[in-house]
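Source file structure06.pdb; content: PDB, C-alpha atoms.
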ATOM      1  CA  MET A   1      80.227  79.834 113.087  1.00  0.00           C
ATOM      2  CA  LYS A   2      80.560  83.568 113.708  1.00  0.00           C
ATOM      3  CA  ARG A   3      82.062  86.140 111.333  1.00  0.00           C
ATOM      4  CA  LEU A   4      83.579  89.488 112.223  1.00  0.00           C
ATOM      5  CA  TYR A   5      84.324  92.264 109.747  1.00  0.00           C
ATOM      6  CA  ILE A   6      86.608  94.745 111.465  1.00  0.00           C
ATOM      7  CA  ILE A   7      87.446  98.078 109.883  1.00  0.00           C
ATOM      8  CA  ARG A   8      89.755 100.772 111.168  1.00  0.00           C
ATOM      9  CA  HIS A   9      88.301 104.189 110.373  1.00  0.00           C
ATOM     10  CA  ALA A  10      89.639 105.908 107.265  1.00  0.00           C
ATOM     11  CA  LYS A  11      92.229 108.710 107.334  1.00  0.00           C
ATOM     12  CA  SER A  12      91.117 111.677 109.410  1.00  0.00           C
ATOM     13  CA  SER A  13      91.868 115.352 109.124  1.00  0.00           C
ATOM     14  CA  TRP A  14      93.983 117.221 111.657  1.00  0.00           C
ATOM     15  CA  LYS A  15      93.355 120.664 110.155  1.00  0.00           C
ATOM     16  CA  HIS A  16      90.143 121.273 112.131  1.00  0.00           C
ATOM     17  CA  LYS A  17      90.361 122.657 115.670  1.00  0.00           C
ATOM     18  CA  VAL A  18      87.970 120.119 117.173  1.00  0.00           C
ATOM     19  CA  SER A  19      88.169 117.455 119.857  1.00  0.00           C
ATOM     20  CA  ASP A  20      89.481 114.029 118.856  1.00  0.00           C
ATOM     21  CA  LEU A  21      85.947 112.631 118.978  1.00  0.00           C
ATOM     22  CA  LYS A  22      84.779 115.212 116.420  1.00  0.00           C
ATOM     23  CA  ARG A  23      87.675 114.884 113.959  1.00  0.00           C
ATOM     24  CA  PRO A  24      86.297 114.221 110.438  1.00  0.00           C
ATOM     25  CA  LEU A  25      87.748 112.285 107.532  1.00  0.00           C
ATOM     26  CA  ASN A  26      90.027 114.063 105.107  1.00  0.00           C
ATOM     27  CA  LYS A  27      89.748 113.748 101.305  1.00  0.00           C
ATOM     28  CA  ARG A  28      91.991 110.674 101.201  1.00  0.00           C
ATOM     29  CA  GLY A  29      89.885 109.114 103.957  1.00  0.00           C
ATOM     30  CA  PHE A  30      86.663 109.527 101.960  1.00  0.00           C
ATOM     31  CA  ASN A  31      88.330 108.150  98.825  1.00  0.00           C
ATOM     32  CA  ASP A  32      89.882 105.161 100.640  1.00  0.00           C
ATOM     33  CA  ALA A  33      86.615 104.265 102.380  1.00  0.00           C
ATOM     34  CA  LYS A  34      84.748 104.301  99.052  1.00  0.00           C
ATOM     35  CA  LEU A  35      87.524 102.234  97.430  1.00  0.00           C
ATOM     36  CA  ILE A  36      87.544  99.539 100.135  1.00  0.00           C
ATOM     37  CA  ALA A  37      83.740  99.466 100.430  1.00  0.00           C
ATOM     38  CA  LYS A  38      83.233  99.069  96.671  1.00  0.00           C
ATOM     39  CA  HIS A  39      85.889  96.339  96.512  1.00  0.00           C
ATOM     40  CA  THR A  40      84.618  94.307  99.483  1.00  0.00           C
ATOM     41  CA  ASN A  41      80.883  94.539  98.793  1.00  0.00           C
ATOM     42  CA  LYS A  42      81.391  92.188  95.848  1.00  0.00           C
ATOM     43  CA  LEU A  43      83.121  89.606  98.032  1.00  0.00           C
ATOM     44  CA  PHE A  44      80.973  89.354 101.161  1.00  0.00           C
ATOM     45  CA  THR A  45      77.376  89.370 102.330  1.00  0.00           C
ATOM     46  CA  SER A  46      76.020  92.058 104.628  1.00  0.00           C
ATOM     47  CA  PRO A  47      76.471  91.571 108.356  1.00  0.00           C
ATOM     48  CA  ASN A  48      73.555  91.055 110.725  1.00  0.00           C
ATOM     49  CA  VAL A  49      74.523  94.175 112.679  1.00  0.00           C
ATOM     50  CA  ILE A  50      76.973  97.074 112.532  1.00  0.00           C
ATOM     51  CA  LEU A  51      78.719  98.333 115.667  1.00  0.00           C
ATOM     52  CA  CYS A  52      80.452 101.682 115.445  1.00  0.00           C
ATOM     53  CA  SER A  53      82.469 103.983 117.665  1.00  0.00           C
ATOM     54  CA  PRO A  54      80.672 107.318 118.106  1.00  0.00           C
ATOM     55  CA  SER A  55      83.593 109.331 116.702  1.00  0.00           C
ATOM     56  CA  LYS A  56      82.888 111.420 113.614  1.00  0.00           C
ATOM     57  CA  ARG A  57      85.568 109.621 111.555  1.00  0.00           C
ATOM     58  CA  THR A  58      84.209 106.134 112.316  1.00  0.00           C
ATOM     59  CA  ILE A  59      80.644 107.265 111.613  1.00  0.00           C
ATOM     60  CA  GLN A  60      81.696 108.772 108.269  1.00  0.00           C
ATOM     61  CA  THR A  61      83.597 105.591 107.378  1.00  0.00           C
ATOM     62  CA  SER A  62      80.624 103.391 108.304  1.00  0.00           C
ATOM     63  CA  ASP A  63      78.248 105.623 106.317  1.00  0.00           C
ATOM     64  CA  LEU A  64      80.324 105.038 103.174  1.00  0.00           C
ATOM     65  CA  PHE A  65      80.260 101.264 103.731  1.00  0.00           C
ATOM     66  CA  ILE A  66      76.510 101.307 104.412  1.00  0.00           C
ATOM     67  CA  LYS A  67      75.904 103.193 101.154  1.00  0.00           C
ATOM     68  CA  ASN A  68      78.241 101.084  98.996  1.00  0.00           C
ATOM     69  CA  TRP A  69      77.160  97.745 100.489  1.00  0.00           C
ATOM     70  CA  LYS A  70      73.501  98.853 100.339  1.00  0.00           C
ATOM     71  CA  MET A  71      73.078  98.066 104.044  1.00  0.00           C
ATOM     72  CA  GLU A  72      70.474 100.720 104.873  1.00  0.00           C
ATOM     73  CA  SER A  73      68.275  98.053 106.495  1.00  0.00           C
ATOM     74  CA  VAL A  74      71.053  96.680 108.736  1.00  0.00           C
ATOM     75  CA  THR A  75      70.853  97.851 112.352  1.00  0.00           C
ATOM     76  CA  ILE A  76      73.718 100.114 113.384  1.00  0.00           C
ATOM     77  CA  ASP A  77      74.569 100.717 117.035  1.00  0.00           C
ATOM     78  CA  TYR A  78      76.911 103.489 118.131  1.00  0.00           C
ATOM     79  CA  ILE A  79      78.757 102.205 121.174  1.00  0.00           C
ATOM     80  CA  ASN A  80      80.803 104.489 123.401  1.00  0.00           C
ATOM     81  CA  ASP A  81      83.006 101.563 124.480  1.00  0.00           C
ATOM     82  CA  LEU A  82      84.259 101.270 120.884  1.00  0.00           C
ATOM     83  CA  TYR A  83      85.949 104.661 121.270  1.00  0.00           C
ATOM     84  CA  ASP A  84      88.734 102.441 122.585  1.00  0.00           C
ATOM     85  CA  PHE A  85      92.393 102.442 121.734  1.00  0.00           C
ATOM     86  CA  SER A  86      93.685  99.545 123.866  1.00  0.00           C
ATOM     87  CA  GLY A  87      91.284  96.819 122.723  1.00  0.00           C
ATOM     88  CA  GLU A  88      89.832  95.809 126.083  1.00  0.00           C
ATOM     89  CA  ASN A  89      86.447  97.408 125.422  1.00  0.00           C
ATOM     90  CA  LEU A  90      86.452  96.135 121.842  1.00  0.00           C
ATOM     91  CA  ILE A  91      86.788  92.543 123.080  1.00  0.00           C
ATOM     92  CA  LYS A  92      84.161  93.138 125.777  1.00  0.00           C
ATOM     93  CA  THR A  93      81.728  94.573 123.210  1.00  0.00           C
ATOM     94  CA  ILE A  94      82.145  91.588 120.889  1.00  0.00           C
ATOM     95  CA  LYS A  95      81.691  89.095 123.728  1.00  0.00           C
ATOM     96  CA  GLU A  96      78.430  90.831 124.652  1.00  0.00           C
ATOM     97  CA  CYS A  97      76.880  90.366 121.198  1.00  0.00           C
ATOM     98  CA  ASN A  98      73.614  88.461 121.019  1.00  0.00           C
ATOM     99  CA  ASN A  99      74.259  84.873 119.935  1.00  0.00           C
ATOM    100  CA  LYS A 100      71.455  85.072 117.356  1.00  0.00           C
ATOM    101  CA  ILE A 101      73.794  87.403 115.477  1.00  0.00           C
ATOM    102  CA  ASN A 102      76.231  85.454 113.299  1.00  0.00           C
ATOM    103  CA  SER A 103      78.048  88.301 111.564  1.00  0.00           C
ATOM    104  CA  VAL A 104      79.115  91.667 112.917  1.00  0.00           C
ATOM    105  CA  MET A 105      80.780  94.612 111.195  1.00  0.00           C
ATOM    106  CA  ILE A 106      82.767  96.854 113.541  1.00  0.00           C
ATOM    107  CA  PHE A 107      84.198 100.311 112.877  1.00  0.00           C
ATOM    108  CA  ALA A 108      86.824 101.187 115.464  1.00  0.00           C
ATOM    109  CA  HIS A 109      90.236 102.673 116.200  1.00  0.00           C
ATOM    110  CA  ASN A 110      93.852 101.668 116.362  1.00  0.00           C
ATOM    111  CA  PHE A 111      95.613 100.272 118.417  1.00  0.00           C
ATOM    112  CA  ALA A 112      92.528  98.304 119.435  1.00  0.00           C
ATOM    113  CA  VAL A 113      91.973  97.010 115.886  1.00  0.00           C
ATOM    114  CA  THR A 114      95.577  95.865 115.393  1.00  0.00           C
ATOM    115  CA  GLU A 115      95.711  94.237 118.841  1.00  0.00           C
ATOM    116  CA  PHE A 116      92.442  92.412 118.206  1.00  0.00           C
ATOM    117  CA  VAL A 117      93.336  91.014 114.776  1.00  0.00           C
ATOM    118  CA  ASN A 118      96.724  89.840 116.049  1.00  0.00           C
ATOM    119  CA  ILE A 119      95.304  88.157 119.154  1.00  0.00           C
ATOM    120  CA  PHE A 120      92.238  86.589 117.545  1.00  0.00           C
ATOM    121  CA  GLY A 121      93.249  86.191 113.894  1.00  0.00           C
ATOM    122  CA  THR A 122      95.793  83.967 112.169  1.00  0.00           C
ATOM    123  CA  THR A 123      97.547  86.606 110.085  1.00  0.00           C
ATOM    124  CA  ALA A 124     100.086  88.831 111.819  1.00  0.00           C
ATOM    125  CA  ILE A 125      99.649  92.491 110.905  1.00  0.00           C
ATOM    126  CA  ASN A 126     102.161  95.035 112.213  1.00  0.00           C
ATOM    127  CA  SER A 127      99.641  97.861 112.086  1.00  0.00           C
ATOM    128  CA  VAL A 128      96.236  97.833 110.457  1.00  0.00           C
ATOM    129  CA  PRO A 129      96.314 101.028 108.371  1.00  0.00           C
ATOM    130  CA  THR A 130      93.495 103.527 108.150  1.00  0.00           C
ATOM    131  CA  CYS A 131      90.535 101.924 106.390  1.00  0.00           C
ATOM    132  CA  GLY A 132      92.125  98.497 106.768  1.00  0.00           C
ATOM    133  CA  PHE A 133      89.482  95.762 106.372  1.00  0.00           C
ATOM    134  CA  VAL A 134      89.932  92.366 108.040  1.00  0.00           C
ATOM    135  CA  VAL A 135      87.557  89.393 108.175  1.00  0.00           C
ATOM    136  CA  ILE A 136      87.911  86.755 110.887  1.00  0.00           C
ATOM    137  CA  ASP A 137      85.773  83.619 111.190  1.00  0.00           C
ATOM    138  CA  PHE A 138      85.287  81.955 114.568  1.00  0.00           C
ATOM    139  CA  ASP A 139      84.272  78.336 115.117  1.00  0.00           C
ATOM    140  CA  ILE A 140      82.005  79.205 118.058  1.00  0.00           C
ATOM    141  CA  ASP A 141      78.272  79.244 118.781  1.00  0.00           C
ATOM    142  CA  SER A 142      78.468  81.942 121.442  1.00  0.00           C
ATOM    143  CA  TRP A 143      80.293  85.269 121.242  1.00  0.00           C
ATOM    144  CA  LYS A 144      81.077  84.823 124.954  1.00  0.00           C
ATOM    145  CA  ASN A 145      83.362  81.946 123.926  1.00  0.00           C
ATOM    146  CA  LEU A 146      85.441  84.194 121.662  1.00  0.00           C
ATOM    147  CA  ASN A 147      88.774  82.517 121.010  1.00  0.00           C
ATOM    148  CA  LYS A 148      91.326  82.276 118.230  1.00  0.00           C
ATOM    149  CA  GLY A 149      89.624  82.495 114.870  1.00  0.00           C
ATOM    150  CA  LYS A 150      90.870  82.310 111.305  1.00  0.00           C
ATOM    151  CA  THR A 151      91.727  85.396 109.280  1.00  0.00           C
ATOM    152  CA  VAL A 152      89.967  84.724 105.988  1.00  0.00           C
ATOM    153  CA  TYR A 153      90.563  88.048 104.256  1.00  0.00           C
ATOM    154  CA  LYS A 154      92.328  91.367 104.594  1.00  0.00           C
ATOM    155  CA  VAL A 155      92.710  94.322 102.302  1.00  0.00           C
ATOM    156  CA  PHE A 156      94.275  97.742 102.740  1.00  0.00           C
ATOM    157  CA  PRO A 157      93.768 100.833 100.554  1.00  0.00           C
ATOM    158  CA  LYS A 158      97.345 100.886  99.195  1.00  0.00           C
ATOM    159  CA  GLU A 159      96.829  97.377  97.795  1.00  0.00           C
ATOM    160  CA  LEU A 160      94.029  98.639  95.546  1.00  0.00           C
ATOM    161  CA  LYS A 161      95.727 101.766  94.213  1.00  0.00           C
TER     162      LYS A 161
END
Could I get this file's structure written as structure tokens?
Amino acid sequence: MKRLYIIRHAKSSWKHKVSDLKRPLNKRGFNDAKLIAKHTNKLFTSPNVILCSPSKRTIQTSDLFIKNWKMESVTIDYINDLYDFSGENLIKTIKECNNKINSVMIFAHNFAVTEFVNIFGTTAINSVPTCGFVVIDFDIDSWKNLNKGKTVYKVFPKELK
């Protein structure tokens, strides 16, 4: 059994004149990430590893989860391939995970996140919103054998406000 926590980064700010990769979270983004992290840390155990896009907004989102889930001892890898909007590199990255790892938390971008949860999960989601949190369980022993899993949980910031 493998478990994937997949989180779309929280709301980012467009007011800064920086490249897309360097765009930070806005105030709502920080608040939503704290809200979702505090809500979900009571429901789930920490993952074995965290994989994160190297964008500033995904790093800031992951930092808030790490703090609120108390995951300072969990390994975090920043993976350039997760700065992906189509989903191909997201799938490739997951399939390359070490099989000793049973649970992975990923911080990534749309449309990759929405495509992934609709292809591999059992709950149709039109568009995973910013800071959307989805958990999918897979009845597999090897990440290379990634196939249809079961969506066991999802929560979006507007549902908690």
Return as a ChimeraX atom specification the set of residues that the PyMOL selection byres ((chain A and resi 112) around 7) yields on the displayed structure. /A:84-87,90,109-111,113-116
Tell me, as an mmCIF file with C-alpha atoms, in the frame of the given file, which residues lie within 9 Å of A:Met71, counting only C-alpha atoms; anything in the same chain fewer than 4 positions away does not count.
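Writing the result to selection-v4.cif gives the following:
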data_model
loop_
_atom_site.group_PDB
_atom_site.id
_atom_site.type_symbol
_atom_site.label_atom_id
_atom_site.label_comp_id
_atom_site.auth_asym_id
_atom_site.auth_seq_id
_atom_site.Cartn_x
_atom_site.Cartn_y
_atom_site.Cartn_z
ATOM 1 C CA SER A 46 76.020 92.058 104.628
ATOM 2 C CA PRO A 47 76.471 91.571 108.356
ATOM 3 C CA PHE A 65 80.260 101.264 103.731
ATOM 4 C CA ILE A 66 76.510 101.307 104.412
ATOM 5 C CA LYS A 67 75.904 103.193 101.154
ATOM 6 C CA THR A 75 70.853 97.851 112.352
#
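Among A:Gly121, A:Trp69, A:Cys131, A:Met105, the residue with the shortest atom-to-atom distance to A:Leu43, counting all atoms listed in the file, is A:Trp69.
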Give me, as a VMD selection string, all polymer residues having an atom no more than 6 Å from stretch 6-23 of chain A, counting all atoms listed in the file and skipping those fewer than 5 positions away in the same chain. chain A and resid 29 33 55 to 56 58 61 105 to 109 130 to 134
Spatial neighbours of A:Lys42, max dist 12 Å, only C-alpha atoms, sep filter under 6 positions, as a ChimeraX atom specification: /A:35-36,68-70
Put a box with edges along x, y and z around all the listed atoms of stretch 63-66 of chain A, pad it by 4 Å on each side, then give me its centre and sizes in Å, one decimal, as JSON.
{"center_x": 78.4, "center_y": 103.4, "center_z": 104.7, "size_x": 11.8, "size_y": 12.4, "size_z": 11.1}
Once the PyMOL selection byres ((chain A and resi 124) around 12) has been evaluated on this model, what residues remain selected, and can you format them as JSON, numbers by chain? {"A": [114, 115, 116, 117, 118, 119, 120, 121, 122, 123, 125, 126, 127, 128, 134, 150, 151, 154]}
Shell of 9 Å around A:Ile94, all atoms listed in the file, local chain residues under 5 positions omitted, as a list in words: Asn89, Val104, Trp143, Lys144 and Leu146 of chain A
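Take the candidates A:Ile136, A:Asp32, A:Tyr5, A:Pro54 and check each one against A:Asp77 using only C-alpha atoms; the shortest distance goes to A:Pro54.
A straight line drawn from atom CA of A:Ser142 to atom CA of A:Glu88 is 18.5 Å long.
One distance worth recording is that between atom CA of A:Lys161 and atom CA of A:His39, which is 11.5 Å.
Considering the residues A:Asn26, A:Asp141, A:Asn31, A:Asn147 and counting all atoms listed in the file, A:Ile91 has its shortest atom-to-atom contact with A:Asn147.
Closest to A:Leu160 among A:Lys38, A:Lys92, A:Lys2, A:Lys27 is A:Lys38, based on all atoms listed in the file.
The nearest approach to A:Asp139 among the residues A:Arg3, A:Lys100, A:Lys34, A:Lys158, with all atoms listed in the file taken into account, belongs to A:Arg3.
One finds atom CA of A:Leu25 at 23.6 Å from atom CA of A:Leu4.
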